[in-house]
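J.: Here you go, this is data.cif (mmCIF, C-alpha atoms and all ligand atoms).
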data_start
#
loop_
_atom_site.label_atom_id
_atom_site.label_comp_id
_atom_site.auth_asym_id
_atom_site.auth_seq_id
_atom_site.Cartn_x
_atom_site.Cartn_y
_atom_site.Cartn_z
CA MET A 122 -24.94 -17.15 24.27
CA PRO A 123 -21.14 -17.08 24.69
CA THR A 124 -19.76 -16.99 28.23
CA LYS A 125 -16.94 -14.60 27.39
CA LYS A 126 -17.37 -11.52 25.27
CA TYR A 127 -14.73 -11.26 22.57
CA TYR A 128 -13.72 -8.05 20.89
CA CYS A 129 -14.02 -8.63 17.16
CA SER A 130 -12.93 -6.11 14.52
CA PHE A 131 -13.76 -6.50 10.84
CA TYR A 132 -12.03 -4.40 8.20
CA GLY A 133 -12.91 -4.11 4.53
CA LEU A 134 -16.31 -5.66 5.28
CA MET A 135 -18.63 -5.89 2.30
CA SER A 136 -21.34 -3.21 2.32
CA GLY A 137 -24.78 -3.94 3.73
CA ILE A 138 -23.73 -7.04 5.65
CA SER A 139 -22.67 -5.59 9.02
CA GLY A 140 -26.12 -6.09 10.63
CA TYR A 141 -26.22 -9.75 9.59
CA LEU A 142 -22.70 -10.35 10.97
CA LYS A 143 -23.51 -8.66 14.29
CA LYS A 144 -26.73 -10.64 14.65
CA ASN A 145 -24.77 -13.86 14.14
CA LEU A 146 -22.06 -12.89 16.62
CA LYS A 147 -24.52 -11.75 19.26
CA GLY A 148 -22.95 -11.56 22.71
CA HIS A 149 -19.58 -10.32 21.43
CA VAL A 150 -18.38 -6.79 20.80
CA VAL A 151 -18.36 -6.51 17.01
CA LYS A 152 -16.83 -3.46 15.30
CA THR A 153 -17.11 -3.27 11.54
CA THR A 154 -15.90 -0.93 8.87
CA GLU A 155 -15.73 -1.00 5.09
CA ASP A 156 -12.34 0.75 5.37
CA LEU A 157 -9.29 -1.38 4.78
CA LEU A 158 -7.05 -2.24 7.71
CA THR A 159 -4.02 0.00 8.06
CA ILE A 160 -1.68 0.71 10.92
CA SER A 161 -3.46 4.03 11.47
CA ASN A 162 -7.00 2.66 11.94
CA ILE A 163 -6.04 -0.42 13.93
CA ASP A 164 -8.06 -1.10 17.10
CA LYS A 165 -5.69 -2.34 19.80
CA LYS A 166 -8.50 -4.01 21.75
CA THR A 167 -9.03 -6.49 18.90
CA GLU A 168 -9.00 -10.17 19.88
CA ILE A 169 -10.56 -11.57 16.73
CA LEU A 170 -9.60 -9.86 13.49
CA GLY A 171 -11.58 -10.23 10.26
CA VAL A 172 -10.11 -8.93 7.00
CA ASN A 173 -10.77 -8.93 3.30
CA CYS A 174 -7.94 -9.54 0.84
CA ALA A 175 -7.04 -5.86 0.41
CA SER A 176 -6.14 -5.60 4.10
CA PRO A 177 -2.70 -7.17 4.51
CA VAL A 178 -1.95 -8.54 7.97
CA ASN A 179 1.81 -8.42 8.41
CA LYS A 180 4.22 -8.37 11.36
CA GLU A 181 3.69 -4.65 11.94
CA ILE A 182 -0.08 -5.13 12.19
CA MET A 183 0.30 -8.15 14.50
CA ASP A 184 2.76 -6.20 16.69
CA ALA A 185 0.11 -3.52 17.09
CA LEU A 186 -2.53 -6.02 18.26
CA PRO A 187 -1.29 -7.39 21.62
CA LYS A 188 -4.60 -9.18 22.38
CA LEU A 189 -4.97 -10.86 19.00
CA LYS A 190 -6.14 -14.50 19.26
CA LEU A 191 -7.60 -15.34 15.88
CA ILE A 192 -7.48 -14.02 12.33
CA VAL A 193 -10.39 -14.77 10.02
CA ALA A 194 -9.91 -14.12 6.31
CA LEU A 195 -13.22 -13.29 4.67
CA THR A 196 -11.75 -14.85 1.56
CA THR A 197 -10.56 -18.11 0.07
CA GLY A 198 -7.06 -16.78 -0.62
CA TYR A 199 -4.88 -15.92 2.37
CA ASP A 200 -1.76 -14.65 0.61
CA HIS A 201 -2.35 -11.24 2.26
CA ILE A 202 -1.71 -12.71 5.72
CA ASP A 203 1.78 -13.44 7.01
CA LEU A 204 1.15 -17.05 8.05
CA LYS A 205 4.70 -17.58 9.37
CA GLU A 206 4.36 -14.61 11.69
CA ALA A 207 0.91 -15.77 12.85
CA LYS A 208 2.20 -19.28 13.49
CA LYS A 209 5.13 -17.93 15.51
CA ARG A 210 2.59 -16.21 17.75
CA GLU A 211 0.27 -19.26 17.79
CA ILE A 212 -2.53 -17.25 16.23
CA PRO A 213 -4.65 -19.47 13.97
CA VAL A 214 -5.68 -18.08 10.59
CA CYS A 215 -8.95 -19.34 9.11
CA ASN A 216 -10.33 -18.81 5.63
CA VAL A 217 -13.55 -19.42 3.72
CA PRO A 218 -12.53 -22.25 1.43
CA ILE A 219 -15.81 -22.69 -0.40
CA TYR A 220 -18.40 -19.99 -0.92
CA GLY A 221 -18.21 -18.77 -4.41
CA GLU A 222 -17.19 -21.46 -6.86
CA SER A 223 -20.16 -20.79 -9.11
CA THR A 224 -20.13 -17.06 -8.28
CA VAL A 225 -16.51 -16.60 -9.39
CA ALA A 226 -16.95 -18.97 -12.33
CA GLN A 227 -19.92 -16.87 -13.46
CA HIS A 228 -17.80 -13.69 -13.29
CA THR A 229 -15.09 -15.46 -15.31
CA MET A 230 -17.70 -16.33 -17.92
CA ALA A 231 -18.93 -12.72 -17.86
CA LEU A 232 -15.43 -11.41 -18.62
CA ILE A 233 -15.00 -13.87 -21.49
CA LEU A 234 -18.39 -13.04 -22.96
CA ALA A 235 -17.74 -9.31 -22.56
CA LEU A 236 -14.40 -9.60 -24.37
CA SER A 237 -15.65 -11.92 -27.10
CA ARG A 238 -18.59 -9.67 -27.99
CA ASN A 239 -17.19 -6.24 -27.10
CA ILE A 240 -20.01 -5.79 -24.62
CA TYR A 241 -18.40 -2.95 -22.69
CA THR A 242 -17.62 -0.80 -25.76
CA SER A 243 -20.94 -1.67 -27.41
CA GLY A 244 -22.99 -0.64 -24.38
CA LYS A 245 -20.94 2.53 -23.89
CA ARG A 246 -21.35 3.50 -27.54
CA VAL A 247 -25.14 3.19 -27.39
CA LYS A 248 -25.33 5.16 -24.12
CA GLU A 249 -23.31 7.87 -25.84
CA GLY A 250 -25.95 8.10 -28.57
CA SER A 251 -24.50 6.00 -31.40
CA PHE A 252 -26.21 2.86 -32.73
CA ASP A 253 -23.37 2.03 -35.13
CA PHE A 254 -21.84 -1.48 -34.88
CA GLU A 255 -18.78 -0.70 -37.00
CA GLY A 256 -15.64 -1.95 -35.26
CA LEU A 257 -17.57 -4.04 -32.74
CA ARG A 258 -17.24 -7.43 -34.45
CA GLY A 259 -16.54 -10.17 -31.93
CA PHE A 260 -15.75 -13.87 -32.15
CA ASP A 261 -17.60 -17.13 -31.45
CA LEU A 262 -16.58 -19.25 -28.50
CA LYS A 263 -17.88 -22.33 -30.34
CA ASP A 264 -14.97 -24.56 -31.42
CA LYS A 265 -12.39 -22.38 -29.62
CA THR A 266 -9.93 -23.98 -27.22
CA ILE A 267 -10.26 -22.80 -23.64
CA GLY A 268 -7.28 -23.49 -21.37
CA VAL A 269 -8.17 -23.71 -17.70
CA VAL A 270 -5.19 -23.31 -15.36
CA GLY A 271 -6.19 -24.72 -11.98
CA THR A 272 -9.09 -27.15 -11.69
CA GLY A 273 -9.96 -26.71 -8.03
CA HIS A 274 -13.33 -25.50 -6.80
CA ILE A 275 -13.65 -22.54 -9.16
CA GLY A 276 -11.88 -24.05 -12.17
CA LYS A 277 -14.21 -27.07 -12.08
CA HIS A 278 -17.33 -24.92 -11.94
CA PHE A 279 -16.02 -22.82 -14.79
CA ILE A 280 -15.46 -25.98 -16.85
CA GLU A 281 -18.99 -27.11 -16.04
CA MET A 282 -20.38 -23.75 -17.19
CA LEU A 283 -18.39 -23.98 -20.41
CA GLN A 284 -20.26 -27.17 -21.36
CA GLY A 285 -23.01 -25.15 -23.02
CA PHE A 286 -20.63 -23.15 -25.21
CA TYR A 287 -19.40 -25.99 -27.50
CA THR A 288 -15.74 -25.26 -26.83
CA ASN A 289 -12.74 -27.60 -26.62
CA ILE A 290 -11.48 -27.60 -23.07
CA ILE A 291 -7.97 -28.40 -21.92
CA ALA A 292 -6.62 -27.96 -18.42
CA TYR A 293 -3.48 -27.86 -16.35
CA ASP A 294 -3.26 -28.63 -12.64
CA LYS A 295 -0.56 -29.94 -10.33
CA PHE A 296 -3.09 -32.51 -9.13
CA PRO A 297 -5.24 -33.55 -12.10
CA ASP A 298 -8.72 -34.85 -11.34
CA GLU A 299 -9.30 -37.49 -14.01
CA LYS A 300 -12.84 -38.23 -12.79
CA ILE A 301 -13.92 -34.66 -13.52
CA ALA A 302 -11.99 -34.71 -16.79
CA LYS A 303 -13.99 -37.74 -17.88
CA LYS A 304 -17.28 -36.28 -16.68
CA PHE A 305 -16.80 -32.97 -18.51
CA LYS A 306 -14.88 -34.40 -21.48
CA PHE A 307 -11.68 -32.44 -21.21
CA SER A 308 -8.06 -33.48 -21.01
CA TYR A 309 -5.16 -32.45 -18.84
CA VAL A 310 -2.08 -31.21 -20.69
CA THR A 311 1.22 -29.65 -19.67
CA LEU A 312 1.23 -25.90 -19.01
CA ASP A 313 3.40 -25.52 -22.10
CA LYS A 314 0.87 -27.24 -24.34
CA LEU A 315 -1.98 -25.29 -22.80
CA LEU A 316 -0.19 -22.00 -23.48
CA ARG A 317 0.60 -22.99 -27.06
CA THR A 318 -2.87 -24.20 -28.03
CA SER A 319 -5.48 -22.17 -26.12
CA ASP A 320 -7.50 -19.35 -27.65
CA VAL A 321 -8.59 -18.25 -24.19
CA ILE A 322 -6.61 -18.95 -21.01
CA SER A 323 -8.31 -18.63 -17.65
CA LEU A 324 -6.39 -18.67 -14.36
CA HIS A 325 -7.81 -20.33 -11.23
CA LEU A 326 -4.72 -20.94 -9.09
CA PRO A 327 -3.87 -19.80 -5.58
CA LEU A 328 -1.00 -17.33 -5.30
CA PHE A 329 1.98 -19.18 -3.85
CA ALA A 330 5.72 -18.82 -4.42
CA ASP A 331 5.52 -21.41 -7.23
CA THR A 332 2.56 -19.77 -8.97
CA HIS A 333 3.78 -16.17 -8.64
CA HIS A 334 4.22 -14.78 -12.20
CA ILE A 335 3.28 -18.14 -13.70
CA ILE A 336 2.31 -15.95 -16.65
CA ASN A 337 5.42 -14.00 -17.58
CA LYS A 338 7.06 -12.79 -20.78
CA LYS A 339 8.36 -16.27 -21.63
CA SER A 340 4.96 -17.87 -21.19
CA ILE A 341 3.25 -15.10 -23.17
CA GLN A 342 5.72 -15.67 -26.02
CA LYS A 343 4.60 -19.31 -26.08
CA MET A 344 0.91 -18.37 -26.40
CA LYS A 345 -0.99 -18.49 -29.64
CA LYS A 346 -0.84 -15.06 -31.22
CA GLY A 347 -4.12 -13.33 -30.50
CA ALA A 348 -5.01 -15.38 -27.42
CA TYR A 349 -7.10 -13.89 -24.62
CA ILE A 350 -6.23 -14.12 -20.94
CA ILE A 351 -8.63 -14.05 -18.01
CA ASN A 352 -7.61 -13.75 -14.37
CA THR A 353 -10.17 -13.89 -11.59
CA ALA A 354 -7.72 -15.53 -9.14
CA ARG A 355 -4.89 -13.32 -7.86
CA GLY A 356 -3.03 -10.42 -9.51
CA GLY A 357 0.40 -11.83 -8.68
CA LEU A 358 -0.13 -14.78 -11.04
CA ILE A 359 0.57 -12.47 -13.99
CA GLU A 360 3.65 -10.31 -14.37
CA SER A 361 2.07 -6.95 -15.22
CA GLU A 362 4.91 -5.70 -17.44
CA ALA A 363 4.77 -8.91 -19.47
CA LEU A 364 1.00 -8.61 -19.88
CA LEU A 365 1.33 -5.05 -21.10
CA TRP A 366 4.05 -6.16 -23.51
CA GLY A 367 1.74 -8.92 -24.78
CA LEU A 368 -1.14 -6.50 -25.32
CA GLU A 369 1.06 -3.91 -27.03
CA THR A 370 2.66 -6.42 -29.42
CA GLY A 371 -0.69 -8.05 -30.23
CA HIS A 372 0.50 -11.37 -28.83
CA ILE A 373 -2.44 -11.08 -26.47
CA ALA A 374 -5.66 -9.83 -28.06
CA GLY A 375 -7.35 -8.92 -24.81
CA ALA A 376 -7.37 -9.43 -21.06
CA GLY A 377 -10.26 -9.74 -18.65
CA LEU A 378 -8.95 -9.13 -15.15
CA ASP A 379 -10.68 -9.03 -11.81
CA VAL A 380 -7.38 -8.84 -9.94
CA LEU A 381 -4.16 -6.85 -10.35
CA GLU A 382 -0.72 -6.98 -8.76
CA ASP A 383 -0.65 -4.86 -5.58
CA GLU A 384 -4.23 -3.81 -6.31
CA GLU A 385 -4.78 -2.61 -2.73
CA MET A 386 -2.61 0.42 -3.56
CA ILE A 387 -5.30 1.63 -5.99
CA LEU A 388 -7.66 2.00 -3.03
CA ASN A 389 -5.02 3.27 -0.63
CA PRO A 390 -2.39 5.17 -2.63
CA GLU A 391 -1.02 6.95 0.44
CA LYS A 392 0.25 3.55 1.65
CA LEU A 393 2.86 3.77 -1.10
CA LEU A 394 4.74 6.25 1.08
CA TRP A 395 5.29 3.70 3.81
CA GLU A 396 5.92 0.51 1.88
CA GLU A 397 9.31 -1.14 2.22
CA LYS A 398 9.35 -2.60 -1.29
CA HIS A 399 8.60 0.88 -2.60
CA GLY A 400 10.02 0.66 -6.14
CA GLU A 401 8.29 -2.54 -7.13
CA ILE A 402 4.93 -1.49 -5.71
CA ILE A 403 5.08 1.94 -7.36
CA ARG A 404 5.88 0.23 -10.66
CA HIS A 405 2.90 -2.12 -10.27
CA THR A 406 0.63 0.78 -9.39
CA LEU A 407 1.70 2.76 -12.47
CA MET A 408 1.34 -0.39 -14.57
CA ASN A 409 -2.15 -0.99 -13.16
CA ASN A 410 -3.19 2.47 -14.30
CA VAL A 411 -1.89 1.77 -17.80
CA LEU A 412 -3.70 -1.58 -17.87
CA ILE A 413 -6.92 0.01 -16.62
CA ASP A 414 -6.82 2.60 -19.44
CA HIS A 415 -5.79 0.07 -22.08
CA PRO A 416 -8.37 -0.42 -24.87
CA LYS A 417 -7.83 -4.21 -24.92
CA THR A 418 -8.63 -4.82 -21.26
CA ILE A 419 -11.76 -5.18 -19.20
CA ILE A 420 -10.93 -4.78 -15.55
CA THR A 421 -13.29 -5.26 -12.64
CA PRO A 422 -12.45 -4.26 -9.05
CA HIS A 423 -11.88 -7.70 -7.47
CA ASN A 424 -15.61 -8.13 -7.61
CA ALA A 425 -15.91 -11.74 -8.76
CA PHE A 426 -16.89 -12.95 -5.29
CA ASN A 427 -19.53 -10.29 -4.84
CA SER A 428 -23.04 -11.66 -5.26
CA ASN A 429 -25.98 -11.35 -2.86
CA GLU A 430 -25.81 -15.06 -2.16
CA SER A 431 -22.04 -15.46 -1.79
CA VAL A 432 -21.57 -12.66 0.75
CA ILE A 433 -24.05 -14.42 3.04
CA ARG A 434 -22.11 -17.67 2.61
CA ILE A 435 -18.86 -15.84 3.47
CA ILE A 436 -20.33 -14.46 6.70
CA ASP A 437 -21.90 -17.81 7.66
CA THR A 438 -18.56 -19.63 7.31
CA THR A 439 -16.69 -16.85 9.10
CA VAL A 440 -19.08 -17.10 12.05
CA GLU A 441 -18.67 -20.91 12.05
CA ASN A 442 -14.87 -20.43 12.06
CA ILE A 443 -15.10 -18.10 15.06
CA GLU A 444 -17.52 -20.34 16.94
CA ALA A 445 -15.32 -23.39 16.33
CA PHE A 446 -12.29 -21.53 17.66
CA LEU A 447 -14.18 -20.35 20.74
CA GLY A 448 -15.35 -23.93 21.28
CA GLY A 449 -11.74 -25.06 21.50
CA ASN A 450 -11.34 -26.28 17.93
CA THR A 451 -10.35 -24.59 14.74
CA LYS A 452 -12.15 -24.92 11.45
CA ASN A 453 -10.68 -23.99 8.08
CA ASN A 454 -7.34 -23.33 9.75
CA VAL A 455 -4.66 -22.57 7.13
CA THR A 456 -1.70 -22.04 9.50
P1 LIG A 501 -8.71 -24.32 -5.02
O1 LIG A 501 -7.67 -24.46 -3.95
O2 LIG A 501 -9.97 -25.09 -4.89
O3 LIG A 501 -8.05 -24.73 -6.43
C1 LIG A 501 -6.76 -24.36 -6.79
C2 LIG A 501 -6.22 -25.40 -7.77
O4 LIG A 501 -4.90 -24.98 -8.12
C3 LIG A 501 -6.08 -26.81 -7.17
O5 LIG A 501 -6.69 -27.76 -8.02
C4 LIG A 501 -4.57 -27.03 -7.05
O6 LIG A 501 -4.20 -28.37 -7.27
C5 LIG A 501 -4.05 -26.13 -8.15
N1 LIG A 501 -2.67 -25.71 -7.94
C6 LIG A 501 -2.13 -25.18 -6.81
N2 LIG A 501 -0.83 -24.89 -7.02
C7 LIG A 501 -0.55 -25.24 -8.29
C8 LIG A 501 0.61 -25.17 -9.10
N3 LIG A 501 1.75 -24.69 -8.64
N4 LIG A 501 0.51 -25.59 -10.39
C9 LIG A 501 -0.64 -26.09 -10.87
N5 LIG A 501 -1.78 -26.19 -10.16
C10 LIG A 501 -1.73 -25.76 -8.89
O7 LIG A 501 -8.96 -22.76 -5.18
P2 LIG A 501 -10.27 -22.04 -5.74
O8 LIG A 501 -11.29 -21.94 -4.68
O9 LIG A 501 -10.64 -22.70 -7.02
O10 LIG A 501 -9.70 -20.58 -5.99
C11 LIG A 501 -8.82 -20.30 -7.05
C12 LIG A 501 -8.32 -18.87 -6.95
O11 LIG A 501 -9.40 -17.95 -7.03
C13 LIG A 501 -7.57 -18.52 -5.67
O12 LIG A 501 -6.45 -17.72 -6.00
C14 LIG A 501 -8.52 -17.65 -4.91
O13 LIG A 501 -7.85 -16.77 -4.07
C15 LIG A 501 -9.19 -16.93 -6.07
N6 LIG A 501 -10.49 -16.30 -5.74
C16 LIG A 501 -10.76 -15.09 -6.26
C17 LIG A 501 -11.96 -14.49 -5.98
C18 LIG A 501 -12.34 -13.14 -6.56
O14 LIG A 501 -13.23 -12.47 -6.03
N7 LIG A 501 -11.70 -12.70 -7.62
C19 LIG A 501 -12.89 -15.14 -5.15
C20 LIG A 501 -12.58 -16.40 -4.65
C21 LIG A 501 -11.37 -16.98 -4.95
#
Can you turn what I pasted into structure tokens?
Ligand code: NAD
T.:
Amino acid sequence: MPTKKYYCSFYGLMSGISGYLKKNLKGHVVKTTEDLLTISNIDKKTEILGVNCASPVNKEIMDALPKLKLIVALTTGYDHIDLKEAKKREIPVCNVPIYGESTVAQHTMALILALSRNIYTSGKRVKEGSFDFEGLRGFDLKDKTIGVVGTGHIGKHFIEMLQGFYTNIIAYDKFPDEKIAKKFKFSYVTLDKLLRTSDVISLHLPLFADTHHIINKKSIQKMKKGAYIINTARGGLIESEALLWGLETGHIAGAGLDVLEDEEMILNPEKLLWEEKHGEIIRHTLMNNVLIDHPKTIITPHNAFNSNESVIRIIDTTVENIEAFLGGNTKNNVT
């Protein structure tokens, strides 16, 4: 039982998990909502703030939380939190580094399988009353080259899952792991070579300044004509305009995306009115709508993390992060 009661606010909390979180943070005041954090629903009493990745925590939000002591990201990525600003205020930011390697890898596999066998269109056609397979021909993964960009926790699990599909695997990472490469019989190549030779490219990188738009018009021009691209990492890794260009010109045959640039605006379009970088965000939002409607895409709503098992792991680590902080340490601190 904690000696001091902390006021904890969680925004964008996954559905059905609030009771479990409250039980595990017994003794504290715990407010939860599935709504995303905005300046208008902010709770000024908050001392510990929990957010999902569609709830950006910027200077304005931190200014509005005078009692803030700790930020816990319910995610692996923390690109939605202004770390510099948090550091300036000596507010630690913790994340959940490992919870869903196999969960996200499985979703990646699902997007590839759905694209390769036209699962979405096939299922829709049958539901609509037609049992005709004309136009639904897919392709085999066997003997295709799969390019994995980023071989961290998720990338490695994805490579492990690919073992049963008889593909050729190549990978690119700033820090190659030759032990894993030997174990799973793949080789590291340059990003250039990966782009030029892969039939399917799957992104598993964090979004940093040096990975932002790592897939752009130039890199798409280098890709094999008719390649597929999968992104279950972060929307900002792909330049949306370039992707659309690739799909329209046939350079890219299809895209399976769980993430989009500025995707939080899809949930919260009224935020567009107050954004500083207005023009760019409006352009991304319009582009997202075009990509969503595009016949060559399958887009899921940043749902790769979302399995029964992984949401429990996210809450367990988040509670551990909070307890460690209250015990005078920090765990999974990314500041
Ligand atoms: P990780 O940190 O374990 O692995 C990232 C890998 O990228 C590392 O091997 C690192 O060396 C490499 N890397 C970093 N910068 C690089 C660069 N500039 N060039 C080349 N390689 C670079 O991360 P992870 O747990 O595997 O997560 C990968 C991504 O998936 C993250 O963006 C994370 O936010 C995202 N993610 C998405 C979901 C979802 O629901 N869609 C869920 C969890 C994680």
J.: Given a cut-off of 6 Å, what residues near ligand LIG 501 (chain A) show up using all atoms listed in the file, put as a list of chain:residue names?
T.: A:Thr197, A:Gly198, A:Val225, A:Gly271, A:Thr272, A:Gly273, A:His274, A:Ile275, A:Gly276, A:Asp294, A:Lys295, A:Phe296, A:His325, A:Leu326, A:Pro327, A:Leu328, A:Asp331, A:Thr332, A:Thr353, A:Ala354, A:Arg355, A:Asp379, A:His423, A:Asn424, A:Ala425, A:Phe426
J.: Report the distance between atom CA of A:Lys452 and atom CA of A:Lys190 in Å, rounded to one decimal place.
T.: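 Atom-to-atom, atom CA of A:Lys452 and atom CA of A:Lys190 are spaced 14.3 Å apart.
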J.: Which is closer to A:Leu157 than all the others in A:Ala374, A:Leu191, A:Val178, A:Ile301, using all atoms listed in the file?
T.: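 Result for the nearest residue to A:Leu157: A:Val178.
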J.: Give me, please, the distance in Å between atom CA of A:Leu170 and atom CA of A:Ile192, quoted to one decimal.
T.: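 Atom CA of A:Ile192 lies 4.8 Å from atom CA of A:Leu170.
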J.: From the set A:Asn450, A:Thr196, A:Asn352, A:Asn409, which residue has the shortest atom-to-atom contact distance to A:Asn216, counting all atoms listed in the file?
T.: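 Distance minimum relative to A:Asn216 lands on A:Thr196.
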J.: For A:Ile335, which of A:Glu181, A:Asp313, A:Asp383, A:Glu391 is the closest residue, counting only C-alpha atoms?
T.: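 Closest to A:Ile335 of all the choices is A:Asp313.
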J.: With distances taken over all atoms listed in the file, which of A:Phe252, A:Tyr293, A:Gly357, A:Phe307 is nearest to A:Phe329?
T.: A:Gly357
J.: Quick one: residues within 7 Å of A:Ile419, all atoms listed in the file, excluding same-chain residues fewer than 5 positions away - as a list in words?
T.: Ala376, Gly377 and Leu378 of chain A
J.: In the coordinate frame of the file, compute which residues have an atom within 12 Å of (4.5, -17.8, 10.3) when using all atoms listed in the file, and state them as a list of chain:residue names.
T.: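 Those residues, ordered by chain and then number, are A:Val178, A:Asn179, A:Lys180, A:Met183, A:Asp200, A:Ile202, A:Asp203, A:Leu204, A:Lys205, A:Glu206, A:Ala207, A:Lys208, A:Lys209, A:Arg210, A:Glu211, A:Ile212, A:Pro213, A:Val214, A:Val455, A:Thr456.
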